[in-house]
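One structure is given here, and the rest of the page talks about it.
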Amino acid sequence: MKRVHLVCDSTADLGLAYYPAHDVELVPLSIIFGEEQYLDQVEMSTREFYRRMRAGGPHPQTSQPSPGVFAEVFERLGSDGGAVICTTISSDLSGTAGSAMQARRALPDLDIRVVETKSCGPAHGAALDMAVAIRDRGGSADAIVAAIERLKAAQRLVFTVENLEYLRRGGRIGAARALLGTVLSIKPILAFIDGKVQVLDQVRTYPRALDRVVQELASAVRVWGRTVATLAHADNREGAEALAVKVAAVTGEPPQIVEVGAVLGCHVGPGAFGLFYHPASAVQT
């Protein structure tokens, strides 16, 4: 059986060294500050992105890779007859999945599977990491895609932000709601539901918002039993380590701590926190 080739966009946020080490082809989105444009992770690191964002100036934007970029990667990898699996960010956050699908349609003779993760950041990273594990033990493309679909059906990503202004600028929730939240210091509890950002609740202070996020996790643990959690932060490692203590008290084990990259960081802003979690039984390796 020919080896399965894995491709992902840069919203998996696994760190630049991960991809060559695990034989994964990275297709980066672009980060735009005013007239300046950089390839995510490749030409601008996450650390530099947050430094620029905190310094003020033009609000950063992102741009998806072109279909041509995906097509070049797909054709190069798939020329040996092996299947190509490409995982992407939710299509409600970026046109990246659409670019990858367009590239797939342009190469009908190759076995290319584009798998939209319906999420971003730690959820995308978990799907890709699982795909690597299945591939490396000899799993088929069908087995990998089926495992990702099972994980997608079970996973949750709940988060909160310090400042709604970043979400307002990014257009991921209504401008009126963002303005109201800013004036009244209301902090939202947000979740990815079927690939879209939805508001679950609102509280008055950021500490309460963080507690509310952990409460969402606790509710899942009561239903699922053993639950695997990843704690994601936007340029706030110290705060993440403190919050991890509360998460561990709920799950019984320390969570993995990851930093979200520029694509999600553009919308949530520095200081944001999120919890990605799923029942332990949902992951096949």
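Every chain in the structure tokens has a letter given in the order shown (A, B, ...), and although residue numbers restart at 1 in each chain, ligands are simply numbered from 1 in the order shown.
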
What lies within 9 Å of Ala232 (chain A) using only C-alpha atoms, ignoring chain neighbours under 2 positions off, as an mmCIF file with N, CA and C atoms, in the first residue's frame?
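File written: result12.cif
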```
data_model
loop_
_atom_site.group_PDB
_atom_site.id
_atom_site.type_symbol
_atom_site.label_atom_id
_atom_site.label_comp_id
_atom_site.auth_asym_id
_atom_site.auth_seq_id
_atom_site.Cartn_x
_atom_site.Cartn_y
_atom_site.Cartn_z
ATOM 1 N N GLY A 121 -7.034 26.144 15.144
ATOM 2 C CA GLY A 121 -6.120 26.060 16.272
ATOM 3 C C GLY A 121 -6.005 24.668 16.867
ATOM 4 N N PRO A 122 -6.258 24.517 18.168
ATOM 5 C CA PRO A 122 -6.027 23.220 18.819
ATOM 6 C C PRO A 122 -6.878 22.092 18.263
ATOM 7 N N PHE A 159 -14.259 29.270 24.139
ATOM 8 C CA PHE A 159 -13.234 30.265 24.433
ATOM 9 C C PHE A 159 -13.860 31.584 24.871
ATOM 10 N N THR A 230 -7.181 20.397 25.987
ATOM 11 C CA THR A 230 -6.052 21.230 25.587
ATOM 12 C C THR A 230 -6.412 22.672 25.900
ATOM 13 N N ALA A 234 -3.623 33.030 23.859
ATOM 14 C CA ALA A 234 -3.118 33.987 22.877
ATOM 15 C C ALA A 234 -2.139 34.914 23.586
ATOM 16 N N ALA A 240 -2.123 31.035 31.312
ATOM 17 C CA ALA A 240 -2.535 29.687 30.924
ATOM 18 C C ALA A 240 -2.093 28.662 31.962
ATOM 19 N N GLN A 256 -2.683 19.770 27.996
ATOM 20 C CA GLN A 256 -1.644 20.302 27.129
ATOM 21 C C GLN A 256 -1.898 21.796 26.970
ATOM 22 N N ILE A 257 -0.836 22.592 26.967
ATOM 23 C CA ILE A 257 -0.966 24.035 26.784
ATOM 24 C C ILE A 257 -0.365 24.403 25.435
ATOM 25 N N VAL A 258 -1.142 25.090 24.600
ATOM 26 C CA VAL A 258 -0.668 25.508 23.284
ATOM 27 C C VAL A 258 -0.975 26.987 23.085
ATOM 28 N N GLU A 259 -0.216 27.605 22.213
ATOM 29 C CA GLU A 259 -0.473 29.005 21.859
ATOM 30 C C GLU A 259 -1.133 29.058 20.496
ATOM 31 N N VAL A 260 -2.232 29.797 20.388
ATOM 32 C CA VAL A 260 -2.885 29.930 19.085
ATOM 33 C C VAL A 260 -2.086 30.885 18.220
ATOM 34 N N ALA A 272 -6.593 36.113 25.071
ATOM 35 C CA ALA A 272 -7.733 35.195 24.993
ATOM 36 C C ALA A 272 -7.341 33.793 25.447
ATOM 37 N N PHE A 273 -8.338 33.045 25.936
ATOM 38 C CA PHE A 273 -8.139 31.667 26.335
ATOM 39 C C PHE A 273 -9.241 30.801 25.754
ATOM 40 N N GLY A 274 -8.889 29.548 25.476
ATOM 41 C CA GLY A 274 -9.890 28.603 25.009
ATOM 42 C C GLY A 274 -9.597 27.213 25.522
ATOM 43 N N LEU A 275 -10.619 26.382 25.569
ATOM 44 C CA LEU A 275 -10.469 24.977 25.919
ATOM 45 C C LEU A 275 -10.993 24.123 24.773
ATOM 46 N N PHE A 276 -10.130 23.261 24.277
ATOM 47 C CA PHE A 276 -10.523 22.253 23.306
ATOM 48 C C PHE A 276 -10.575 20.921 24.045
#
```

Taking the backbone alone, and naming residues the way the document does, which bits of region 42-211 of chain A are strand (DSSP E or B) by DSSP, as a PyMOL selection string?
chain A and resi 44+61-63+84-88+112-116+156-160+187-193+196-203

Considering only C-alpha atoms, state which residue in the set A:Val115, A:Cys120, A:Val161, A:Leu128 is at the smallest distance from Tyr18 (chain A).
A:Leu128

Counting only C-alpha atoms, what is within 9 Å of region 96-108 of chain A, bar same-chain residues fewer than 3 positions away, as JSON, numbers by chain?
{"A": [9, 29, 63, 64, 65, 66, 67, 68, 69, 70, 71, 72, 74, 75, 86, 87, 88, 89, 90, 91, 93, 111, 112, 113, 114, 115, 116]}

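For the pair CA of Arg150 (chain A) and CA of Arg137 (chain A), the separation is 18.7 Å.
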
Measuring between only C-alpha atoms, which one of A:Arg169, A:His267, A:His22, A:Lys2 shows the shortest distance to Ala131 (chain A)?
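Answer, going by the shortest atom-to-atom distance: A:His22.
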